[in-house]
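Asker: CSV, C-alpha atoms, saved as protein17.csv, coming up:
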```csv
chain,number,residue,atom,x,y,z
A,1,MET,CA,7.6,24.3,-24.9
A,2,ILE,CA,7.0,20.6,-24.9
A,3,ILE,CA,7.2,19.0,-28.4
A,4,SER,CA,6.6,15.4,-27.3
A,5,LEU,CA,4.9,13.5,-24.5
A,6,ASP,CA,5.5,9.8,-24.2
A,7,ILE,CA,3.7,7.6,-21.7
A,8,ALA,CA,5.1,4.1,-21.1
A,9,VAL,CA,3.8,1.3,-18.9
A,10,GLU,CA,6.5,-0.9,-17.4
A,11,ARG,CA,6.3,-4.0,-15.2
A,12,TRP,CA,9.2,-4.9,-13.0
A,13,PRO,CA,9.2,-8.4,-11.3
A,14,ILE,CA,9.6,-8.4,-7.5
A,15,ALA,CA,12.2,-10.7,-5.9
A,16,GLY,CA,9.8,-13.2,-4.4
A,17,THR,CA,6.5,-11.7,-3.1
A,18,PHE,CA,5.9,-8.4,-1.4
A,19,THR,CA,3.1,-8.6,1.1
A,20,ILE,CA,1.3,-6.1,3.3
A,21,SER,CA,-2.0,-6.5,5.2
A,22,ARG,CA,-4.0,-5.6,2.1
A,23,GLY,CA,-2.5,-8.3,-0.1
A,24,SER,CA,0.5,-9.5,-2.1
A,25,LYS,CA,2.1,-8.7,-5.4
A,26,THR,CA,4.9,-10.2,-7.5
A,27,GLU,CA,5.5,-7.2,-9.8
A,28,ALA,CA,5.7,-3.4,-9.7
A,29,ALA,CA,3.5,-1.9,-12.4
A,30,ILE,CA,4.7,1.6,-13.1
A,31,VAL,CA,4.1,4.5,-15.5
A,32,VAL,CA,6.9,6.6,-16.9
A,33,CYS,CA,6.3,10.0,-18.3
A,34,SER,CA,8.9,11.4,-20.8
A,35,LEU,CA,8.8,15.0,-22.0
A,36,SER,CA,11.0,16.5,-24.7
A,37,ASP,CA,11.5,19.9,-26.2
A,38,GLY,CA,13.2,18.4,-29.3
A,39,VAL,CA,16.7,18.7,-27.9
A,40,HIS,CA,16.5,17.8,-24.2
A,41,SER,CA,14.2,15.3,-22.4
A,42,GLY,CA,13.1,14.6,-18.9
A,43,ARG,CA,11.5,11.7,-17.2
A,44,GLY,CA,9.3,11.0,-14.2
A,45,GLU,CA,8.1,7.6,-12.8
A,46,CYS,CA,5.0,6.9,-10.7
A,47,VAL,CA,3.2,3.9,-9.2
A,48,PRO,CA,-0.6,3.9,-9.5
A,49,TYR,CA,-2.1,2.8,-6.1
A,50,ALA,CA,-5.5,1.1,-6.0
A,51,ARG,CA,-5.9,2.3,-2.3
A,52,TYR,CA,-6.3,5.8,-3.8
A,53,GLY,CA,-8.6,4.7,-6.6
A,54,GLU,CA,-5.7,4.7,-9.2
A,55,SER,CA,-5.0,2.2,-11.9
A,56,ILE,CA,-2.5,2.0,-14.8
A,57,ASP,CA,-5.2,3.0,-17.2
A,58,SER,CA,-6.5,5.9,-15.1
A,59,VAL,CA,-3.1,7.3,-14.5
A,60,CYS,CA,-2.1,7.1,-18.2
A,61,ALA,CA,-5.4,8.8,-19.1
A,62,GLU,CA,-4.7,11.6,-16.6
A,63,ILE,CA,-1.2,12.2,-18.1
A,64,GLU,CA,-2.6,12.1,-21.6
A,65,GLY,CA,-5.1,14.7,-20.6
A,66,LEU,CA,-2.2,17.1,-20.0
A,67,ARG,CA,-0.8,16.8,-23.5
A,68,ASP,CA,-2.4,20.0,-24.9
A,69,ALA,CA,-1.6,22.1,-21.8
A,70,LEU,CA,2.1,20.9,-21.8
A,71,SER,CA,2.4,21.6,-25.5
A,72,LYS,CA,1.3,25.2,-24.8
A,73,GLY,CA,3.9,25.7,-22.1
A,74,ALA,CA,2.2,24.6,-18.9
A,75,THR,CA,4.8,24.5,-16.0
A,76,ARG,CA,5.1,22.8,-12.7
A,77,ASN,CA,3.3,25.6,-11.0
A,78,ASP,CA,0.3,25.2,-13.4
A,79,LEU,CA,-0.1,21.5,-12.6
A,80,PRO,CA,-2.2,21.8,-9.4
A,81,GLY,CA,-4.8,23.7,-11.4
A,82,LEU,CA,-4.9,21.1,-14.1
A,83,ILE,CA,-4.7,17.8,-12.3
A,84,HIS,CA,-5.3,16.5,-8.8
A,85,ALA,CA,-2.5,15.3,-6.5
A,86,GLY,CA,-1.5,11.7,-7.1
A,87,ALA,CA,0.6,9.4,-9.2
A,88,ALA,CA,0.0,11.0,-12.6
A,89,ARG,CA,0.9,14.5,-11.4
A,90,ASN,CA,4.0,13.1,-9.7
A,91,ALA,CA,5.3,11.6,-13.0
A,92,VAL,CA,4.7,14.9,-14.9
A,93,ASP,CA,6.0,17.1,-12.2
A,94,CYS,CA,9.2,15.1,-11.8
A,95,ALA,CA,9.7,14.9,-15.6
A,96,LEU,CA,9.4,18.7,-15.8
A,97,TRP,CA,12.0,19.1,-13.1
A,98,ASP,CA,14.3,16.7,-15.0
A,99,LEU,CA,13.8,18.5,-18.3
A,100,GLU,CA,14.5,21.9,-16.8
A,101,ALA,CA,17.7,20.7,-15.3
A,102,LYS,CA,18.8,19.1,-18.6
A,103,ARG,CA,17.9,22.3,-20.5
A,104,GLN,CA,20.0,24.5,-18.1
A,105,GLY,CA,22.9,22.0,-17.9
A,106,THR,CA,22.6,21.9,-14.2
A,107,SER,CA,21.0,19.8,-11.5
A,108,VAL,CA,17.6,19.9,-9.8
A,109,THR,CA,19.5,20.4,-6.6
A,110,SER,CA,21.1,23.6,-8.0
A,111,LEU,CA,17.8,24.8,-9.4
A,112,LEU,CA,16.4,24.6,-5.9
A,113,GLY,CA,19.4,26.4,-4.4
A,114,LEU,CA,20.2,23.5,-2.1
A,115,PRO,CA,23.6,22.2,-1.0
A,116,GLU,CA,25.2,19.1,-2.5
A,117,LEU,CA,23.2,16.0,-1.7
A,118,HIS,CA,24.6,13.4,0.7
A,119,ASP,CA,24.2,9.7,1.1
A,120,LEU,CA,21.2,8.4,3.1
A,121,THR,CA,20.5,5.4,5.2
A,122,THR,CA,17.3,3.7,4.0
A,123,ALA,CA,15.1,1.2,5.8
A,124,VAL,CA,14.8,-2.3,4.4
A,125,THR,CA,11.4,-4.0,4.4
A,126,VAL,CA,10.1,-7.2,6.0
A,127,SER,CA,6.9,-8.3,4.4
A,128,PHE,CA,3.8,-9.3,6.3
A,129,GLY,CA,3.5,-13.0,7.3
A,130,ASP,CA,3.4,-15.2,10.3
A,131,ALA,CA,5.7,-14.4,13.3
A,132,ALA,CA,8.3,-17.1,12.6
A,133,THR,CA,8.6,-16.3,8.9
A,134,MET,CA,9.0,-12.5,9.7
A,135,ALA,CA,11.6,-13.2,12.4
A,136,ARG,CA,13.7,-15.2,9.9
A,137,ALA,CA,13.5,-12.3,7.4
A,138,ALA,CA,14.4,-9.8,10.1
A,139,SER,CA,17.3,-11.9,11.2
A,140,GLY,CA,18.7,-11.6,7.7
A,141,PHE,CA,18.7,-7.9,8.1
A,142,ALA,CA,20.0,-7.9,11.7
A,143,ASP,CA,23.1,-6.0,10.5
A,144,ARG,CA,21.1,-3.2,8.9
A,145,PRO,CA,20.5,0.0,11.0
A,146,LEU,CA,16.9,0.5,10.0
A,147,ILE,CA,14.1,-2.1,9.3
A,148,LYS,CA,10.5,-1.5,8.3
A,149,VAL,CA,8.2,-4.3,9.3
A,150,LYS,CA,4.7,-4.8,7.7
A,151,VAL,CA,2.0,-5.8,10.2
A,152,GLY,CA,-1.7,-5.3,10.4
A,153,GLY,CA,-3.4,-8.5,11.4
A,154,GLU,CA,-4.3,-10.7,14.3
A,155,ASN,CA,-1.5,-11.5,16.7
A,156,ASP,CA,0.6,-8.5,15.7
A,157,ALA,CA,2.0,-8.3,19.2
A,158,GLU,CA,3.6,-11.7,18.6
A,159,ARG,CA,5.0,-10.5,15.3
A,160,ILE,CA,6.4,-7.3,16.9
A,161,ARG,CA,8.2,-9.3,19.7
A,162,ALA,CA,9.6,-11.8,17.2
A,163,VAL,CA,11.2,-9.3,14.8
A,164,ALA,CA,12.6,-7.2,17.6
A,165,LEU,CA,14.3,-10.3,19.1
A,166,ALA,CA,15.6,-11.3,15.7
A,167,ALA,CA,17.2,-7.9,15.0
A,168,PRO,CA,18.1,-6.5,18.4
A,169,SER,CA,20.6,-3.9,17.1
A,170,SER,CA,18.4,-2.4,14.5
A,171,ARG,CA,15.9,0.5,14.8
A,172,ILE,CA,12.5,-0.8,13.7
A,173,ILE,CA,9.5,0.9,12.1
A,174,ILE,CA,6.2,-1.0,12.5
A,175,ASP,CA,3.9,-0.2,9.6
A,176,ALA,CA,0.3,-1.4,10.1
A,177,ASN,CA,-1.0,0.0,6.8
A,178,GLU,CA,-4.3,1.0,8.5
A,179,GLY,CA,-4.7,-2.6,9.9
A,180,TRP,CA,-5.3,-2.0,13.6
A,181,THR,CA,-8.5,-1.1,15.3
A,182,ASN,CA,-9.6,0.9,18.3
A,183,ALA,CA,-10.0,-2.4,20.1
A,184,ASN,CA,-6.4,-3.6,19.7
A,185,ILE,CA,-4.3,-0.4,19.2
A,186,LEU,CA,-3.4,-0.1,22.9
A,187,GLU,CA,-2.2,-3.7,23.1
A,188,ASN,CA,-0.2,-3.3,20.0
A,189,MET,CA,1.3,0.0,20.9
A,190,LEU,CA,2.4,-1.4,24.3
A,191,ALA,CA,4.0,-4.3,22.5
A,192,CYS,CA,5.9,-1.8,20.4
A,193,ALA,CA,7.0,0.1,23.5
A,194,ARG,CA,8.2,-3.0,25.2
A,195,ALA,CA,10.1,-4.1,22.1
A,196,GLY,CA,11.9,-0.7,21.7
A,197,ILE,CA,10.2,0.1,18.4
A,198,ALA,CA,11.3,3.5,17.0
A,199,LEU,CA,8.1,4.4,15.1
A,200,ILE,CA,4.6,3.2,14.4
A,201,GLU,CA,3.3,4.0,10.9
A,202,GLN,CA,-0.5,4.5,10.2
A,203,PRO,CA,-2.0,2.2,12.8
A,204,LEU,CA,-5.6,3.0,12.1
A,205,PRO,CA,-7.6,3.7,8.9
A,206,ALA,CA,-7.4,7.2,7.6
A,207,GLY,CA,-10.6,9.0,8.6
A,208,ASN,CA,-11.0,6.7,11.6
A,209,ASP,CA,-8.0,7.8,13.7
A,210,ALA,CA,-9.6,10.4,16.1
A,211,ILE,CA,-8.7,8.1,19.0
A,212,LEU,CA,-5.0,8.9,18.4
A,213,ALA,CA,-5.6,12.4,20.0
A,214,GLU,CA,-7.0,10.8,23.1
A,215,ILE,CA,-4.5,8.0,23.9
A,216,PRO,CA,-0.8,8.2,25.0
A,217,HIS,CA,1.9,7.6,22.4
A,218,PRO,CA,4.5,5.4,24.1
A,219,VAL,CA,6.0,5.2,20.6
A,220,PRO,CA,5.8,8.0,18.1
A,221,ILE,CA,3.1,7.6,15.5
A,222,CYS,CA,3.6,8.5,11.8
A,223,ALA,CA,0.8,9.4,9.3
A,224,ASP,CA,0.9,7.8,5.9
A,225,GLU,CA,-2.5,7.2,4.3
A,226,SER,CA,-3.8,10.1,6.5
A,227,ALA,CA,-1.1,12.5,5.1
A,228,HIS,CA,-1.3,13.4,1.4
A,229,GLY,CA,-0.4,17.0,1.0
A,230,THR,CA,0.4,20.2,2.8
A,231,ASP,CA,-3.3,21.0,3.4
A,232,ASP,CA,-3.7,17.8,5.4
A,233,LEU,CA,-1.2,18.8,8.0
A,234,HIS,CA,-3.3,20.9,10.3
A,235,LYS,CA,-5.8,18.0,10.7
A,236,LEU,CA,-3.0,15.7,11.9
A,237,LEU,CA,-1.9,17.9,14.8
A,238,GLY,CA,-2.4,16.1,18.1
A,239,ARG,CA,-3.0,12.8,16.4
A,240,TYR,CA,0.4,12.1,14.8
A,241,ASP,CA,4.0,12.9,15.7
A,242,SER,CA,5.4,12.4,12.2
A,243,ILE,CA,4.3,12.3,8.6
A,244,ASN,CA,5.4,10.1,5.7
A,245,ILE,CA,6.0,12.1,2.5
A,246,LYS,CA,5.6,10.1,-0.7
A,247,LEU,CA,5.8,11.8,-4.0
A,248,ASP,CA,3.0,9.6,-5.5
A,249,LYS,CA,0.7,11.0,-2.8
A,250,THR,CA,1.8,14.7,-2.9
A,251,GLY,CA,1.7,14.8,-6.7
A,252,GLY,CA,5.4,15.3,-7.2
A,253,LEU,CA,8.6,16.9,-5.9
A,254,THR,CA,7.2,20.5,-6.0
A,255,GLU,CA,4.4,19.7,-3.4
A,256,ALA,CA,6.6,17.3,-1.5
A,257,LEU,CA,9.1,20.1,-0.7
A,258,ARG,CA,6.3,22.4,0.3
A,259,MET,CA,4.8,19.8,2.6
A,260,HIS,CA,8.2,19.1,4.1
A,261,ASN,CA,8.8,22.7,4.9
A,262,ARG,CA,5.4,23.2,6.4
A,263,ALA,CA,5.6,20.0,8.4
A,264,ARG,CA,8.9,21.2,10.0
A,265,GLU,CA,7.3,24.5,10.9
A,266,LEU,CA,4.5,22.6,12.7
A,267,GLY,CA,6.9,20.4,14.6
A,268,PHE,CA,6.3,17.1,12.8
A,269,GLY,CA,9.0,14.5,12.4
A,270,ILE,CA,9.5,13.5,8.8
A,271,MET,CA,9.7,10.2,7.1
A,272,VAL,CA,10.2,10.0,3.3
A,273,GLY,CA,8.8,6.9,1.8
A,274,CYS,CA,8.0,5.2,-1.5
A,275,MET,CA,5.9,2.8,-3.4
A,276,VAL,CA,7.6,-0.3,-4.9
A,277,GLY,CA,9.3,1.2,-8.0
A,278,THR,CA,12.6,1.7,-9.7
A,279,SER,CA,15.4,4.1,-9.0
A,280,LEU,CA,13.8,6.6,-11.3
A,281,ALA,CA,10.9,7.0,-8.7
A,282,MET,CA,13.3,7.2,-5.8
A,283,ALA,CA,15.7,9.8,-7.3
A,284,PRO,CA,13.6,12.9,-6.6
A,285,ALA,CA,12.6,11.6,-3.2
A,286,VAL,CA,16.3,11.6,-2.2
A,287,ILE,CA,16.2,15.4,-2.3
A,288,VAL,CA,13.2,15.6,0.1
A,289,ALA,CA,14.9,13.0,2.4
A,290,GLN,CA,18.1,14.9,3.0
A,291,ASP,CA,17.1,15.9,6.6
A,292,ALA,CA,14.4,13.2,7.2
A,293,ASP,CA,14.3,11.5,10.5
A,294,PHE,CA,13.4,8.2,8.7
A,295,VAL,CA,14.1,7.3,5.1
A,296,ASP,CA,12.3,4.4,3.4
A,297,LEU,CA,13.5,4.4,-0.2
A,298,ASP,CA,14.2,0.7,-0.7
A,299,GLY,CA,11.8,0.1,-3.6
A,300,PRO,CA,14.6,-0.9,-6.0
A,301,LEU,CA,15.9,-3.4,-3.5
A,302,ILE,CA,12.6,-5.2,-3.5
A,303,LEU,CA,12.8,-5.8,-7.3
A,304,LYS,CA,14.6,-8.6,-9.0
A,305,GLN,CA,16.4,-6.0,-11.0
A,306,ASP,CA,16.5,-2.2,-11.1
A,307,ARG,CA,16.8,0.0,-14.1
A,308,THR,CA,20.2,0.9,-15.5
A,309,PRO,CA,21.5,3.4,-14.6
A,310,GLY,CA,20.0,3.3,-11.2
A,311,LEU,CA,20.8,4.6,-7.7
A,312,GLU,CA,23.8,3.2,-6.1
A,313,PHE,CA,23.0,1.1,-3.0
A,314,ASN,CA,25.7,-0.1,-0.6
A,315,GLY,CA,23.9,-2.2,2.0
A,316,SER,CA,21.4,0.3,3.5
A,317,ARG,CA,23.3,3.3,2.1
A,318,VAL,CA,21.9,5.0,-1.0
A,319,SER,CA,23.8,7.6,-3.0
A,320,PRO,CA,22.3,10.7,-4.7
A,321,PRO,CA,21.2,10.2,-8.3
A,322,LYS,CA,23.5,10.9,-11.2
A,323,SER,CA,22.1,13.1,-14.0
A,324,GLU,CA,21.9,10.1,-16.4
A,325,LEU,CA,19.1,8.7,-14.2
A,326,TRP,CA,17.3,11.9,-13.2
A,327,GLY,CA,17.9,15.5,-12.1
```
Could you render the structure as structure tokens?
Answerer:
Amino acid sequence: MIISLDIAVERWPIAGTFTISRGSKTEAAIVVCSLSDGVHSGRGECVPYARYGESIDSVCAEIEGLRDALSKGATRNDLPGLIHAGAARNAVDCALWDLEAKRQGTSVTSLLGLPELHDLTTAVTVSFGDAATMARAASGFADRPLIKVKVGGENDAERIRAVALAAPSSRIIIDANEGWTNANILENMLACARAGIALIEQPLPAGNDAILAEIPHPVPICADESAHGTDDLHKLLGRYDSINIKLDKTGGLTEALRMHNRARELGFGIMVGCMVGTSLAMAPAVIVAQDADFVDLDGPLILKQDRTPGLEFNGSRVSPPKSELWG
């Protein structure tokens, strides 16, 4: 039984400015849910995302709305019937996992019956900008094995060529954040193919991507905004080759694992991604990402400073979370 629920809003400055096709930001505004049974406590972090109609206030209100149910013993399995998938459910779901592990003196990995977690190689991100600026940023990551590049504007073919030339030894993910159109997608996809790009993420707006089933995929295409939970997967067959699983979309670790397993059954490649948040948000995603084809959990690296204790990053390598952080 949950004795206390605490909801905290935190703001973490970004190192510089983080820019995608929709705009820029200089801080990560997050919500942390803390649950306690009077002896043990568990935490979960989420990042409200305006693209999905979320705000700090709305997410806090959604979590607050669960106070009574949690005090009466609501479990992770009850959450889908109490709250829709999204950031708020993610924070509560992950806090419940953390609390259960602490209560039982074990790890979430053990609760799931999974083998010991191993280190992962995460992408590092180049923000949206002009081609020359993005090329300079990419050249600074030229020794990294995986780079994610934000595009989604006019002259993206030029940006793609520039970053590929600046980091010739790196695998590159091009993330358009729904910024391409039916008129320019073929040109941009061909530019990706010529540049040896490894993956194209969400080129077209969700709900306006039918053309993806009709055109060739010279580079594999990954669904992000089009892929929220397990029930979306059947609609993506024939349009996308991979899906990007983010816990803030699925509503937590519980649904993320379910989505992962079903996606593998359907033959999708898997990317595990994140919003810009601290290591507390990344920690449960590390579990989902253990066999992912692409890992994008560099949120803490975009911040001026991460929380302590946090995940251990060594270049592009990220180690599994210690129990002091989560799980």
Asker: Rounded to one decimal in Å, what is the spacing between atom CA of Val288 of chain A and atom CA of Asp93 of chain A?
Answerer: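 Those two atoms sit 14.3 Å apart.
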Asker: Within 9 Å of Val126 of chain A, counting only C-alpha atoms, which residues qualify if same-chain residues fewer than 2 places away don't, as a PyMOL selection string?
Answerer: chain A and resi 18-19+124+128-129+134-135+137-138+141+147-150
Asker: Which residues of segment 96-189 of chain A sit at most 12 Å from segment 24-39 of chain A, using all atoms listed in the file? Give each one's shortest atom pair and distance in Å (one decimal place), in chain and ascending residue order, as CSV.
Answerer:
```
residue,atom,partner,partner_atom,distance
A:Leu96,CA,A:Leu35,CA,7.2
A:Trp97,CA,A:Leu35,CA,10.3
A:Asp98,CA,A:Leu35,CA,9.1
A:Leu99,CA,A:Leu35,CA,7.1
A:Glu100,CA,A:Asp37,CA,10.1
A:Lys102,CA,A:Val39,CA,9.5
A:Arg103,CA,A:Val39,CA,8.3
A:Gln104,CA,A:Val39,CA,11.9
A:Ser127,CA,A:Ser24,CA,9.2
A:Phe128,CA,A:Ser24,CA,9.0
A:Gly129,CA,A:Ser24,CA,10.5
A:Lys150,CA,A:Ser24,CA,11.7
```
Asker: Point out the residue among A:Val163, A:Ala123, A:Leu233, A:Val151 with the least atom-to-atom distance to Gly273 of chain A, counting only C-alpha atoms.
Answerer: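 Going through A:Val163, A:Ala123, A:Leu233, A:Val151 one by one, the smallest distance to Gly273 of chain A is for A:Ala123.
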Asker: Could you tell me how far atom CA of Ser110 of chain A lies from atom CA of Thr254 of chain A, in Å and to one decimal?
Answerer: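 Rounded to one decimal, the two atoms are 14.4 Å apart.
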Asker: For each of A:Thr308, A:Asn208, A:Ser170, A:Gln290, take the minimum atom-to-atom distance to Ala195 of chain A, counting only C-alpha atoms, then give the residue where this is smallest.
Answerer: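 Counting only C-alpha atoms, the residue closest to Ala195 of chain A is A:Ser170.
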Asker: Counting all atoms listed in the file, which of A:Asp248, A:Asp232, A:Asp143, A:Asp156 gets nearest to Tyr49 of chain A?
Answerer: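 Among the listed residues, A:Asp248 lies closest to Tyr49 of chain A.
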Asker: Could you please determine the separation between atom CA of Asp306 of chain A and atom CA of Ser279 of chain A in Å, to one decimal place?
Answerer: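 Separation of atom CA of Asp306 of chain A and atom CA of Ser279 of chain A: 6.7 Å.
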Asker: Of the candidates A:Leu297, A:Leu204, A:Leu117, A:Leu247, which shows the shortest atom-to-atom distance to Val276 of chain A, using all atoms listed in the file?
Answerer: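 So, comparing all the options, the nearest one is A:Leu297.
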Asker: Find the residue from A:Thr125, A:Asn90, A:Ser71, A:Gln202 that sits nearest to Arg43 of chain A; use all atoms listed in the file when measuring.
Answerer: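 Ranking A:Thr125, A:Asn90, A:Ser71, A:Gln202 by distance to Arg43 of chain A, first place goes to A:Asn90.
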Asker: Might you pull out every residue within 7 Å of Ile200 of chain A, with only C-alpha atoms counted and same-chain residues fewer than 2 positions away left off, and present them as a ChimeraX atom specification?
Answerer: /A:173-175,202-203,219-222
Asker: Each residue of segment 222-304 of chain A lying at most 12 Å from segment 52-59 of chain A should get a row with its shortest atom-to-atom pair and the distance in Å to one decimal, counting all atoms listed in the file; could you produce that, ordered by chain and increasing number, as a tab-separated table?
Answerer:
```
residue	atom	partner	partner_atom	distance
A:Glu225	CA	A:Tyr52	CA	9.1
A:Ser226	CA	A:Tyr52	CA	11.4
A:His228	CA	A:Tyr52	CA	10.5
A:Asp248	CA	A:Tyr52	CA	10.2
A:Lys249	CA	A:Tyr52	CA	8.8
A:Gly251	CA	A:Val59	CA	11.8
```
Asker: Nearest residue to Val47 of chain A out of A:Cys274, A:Gly229, A:Leu114, A:Pro80, using all atoms listed in the file?
Answerer: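 Looking at the shortest contact to Val47 of chain A, the residue is A:Cys274.
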Asker: Could you list, as a PyMOL selection string, every residue within 10 Å of Ser323 of chain A, counting only C-alpha atoms and ignoring same-chain residues fewer than 3 positions away?
Answerer: chain A and resi 98+101-102+105-108+283+309+320+326-327
Asker: Give me the residues near Gln305 of chain A as a compact mmCIF listing (two decimals) with C-alpha atoms, in the frame of the given file, where near means some atom within 12 Å (using only C-alpha atoms) and where sequence neighbours in that chain fewer than 5 positions away do not count.
Answerer:
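For reference, selection-v8.txt as written:
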```
# COMPACT_ATOMS: atom_id res chain seq x y z
CA ARG A 11 6.30 -4.00 -15.20
CA TRP A 12 9.20 -4.90 -13.00
CA PRO A 13 9.20 -8.40 -11.30
CA ILE A 14 9.60 -8.40 -7.50
CA ALA A 15 12.20 -10.70 -5.90
CA GLY A 16 9.80 -13.20 -4.40
CA GLU A 27 5.50 -7.20 -9.80
CA ALA A 28 5.70 -3.40 -9.70
CA GLY A 277 9.30 1.20 -8.00
CA THR A 278 12.60 1.70 -9.70
CA SER A 279 15.40 4.10 -9.00
CA GLY A 299 11.80 0.10 -3.60
CA PRO A 300 14.60 -0.90 -6.00
CA GLY A 310 20.00 3.30 -11.20
CA LEU A 311 20.80 4.60 -7.70
```
Asker: Taking (-5.7, 18.4, 12.5) in the file's own coordinates, collect the residues within 12 Å, counting all atoms listed in the file, and hand them back as a PyMOL selection string.
Answerer: chain A and resi 207+209-210+212-213+223+226-227+230-241+266
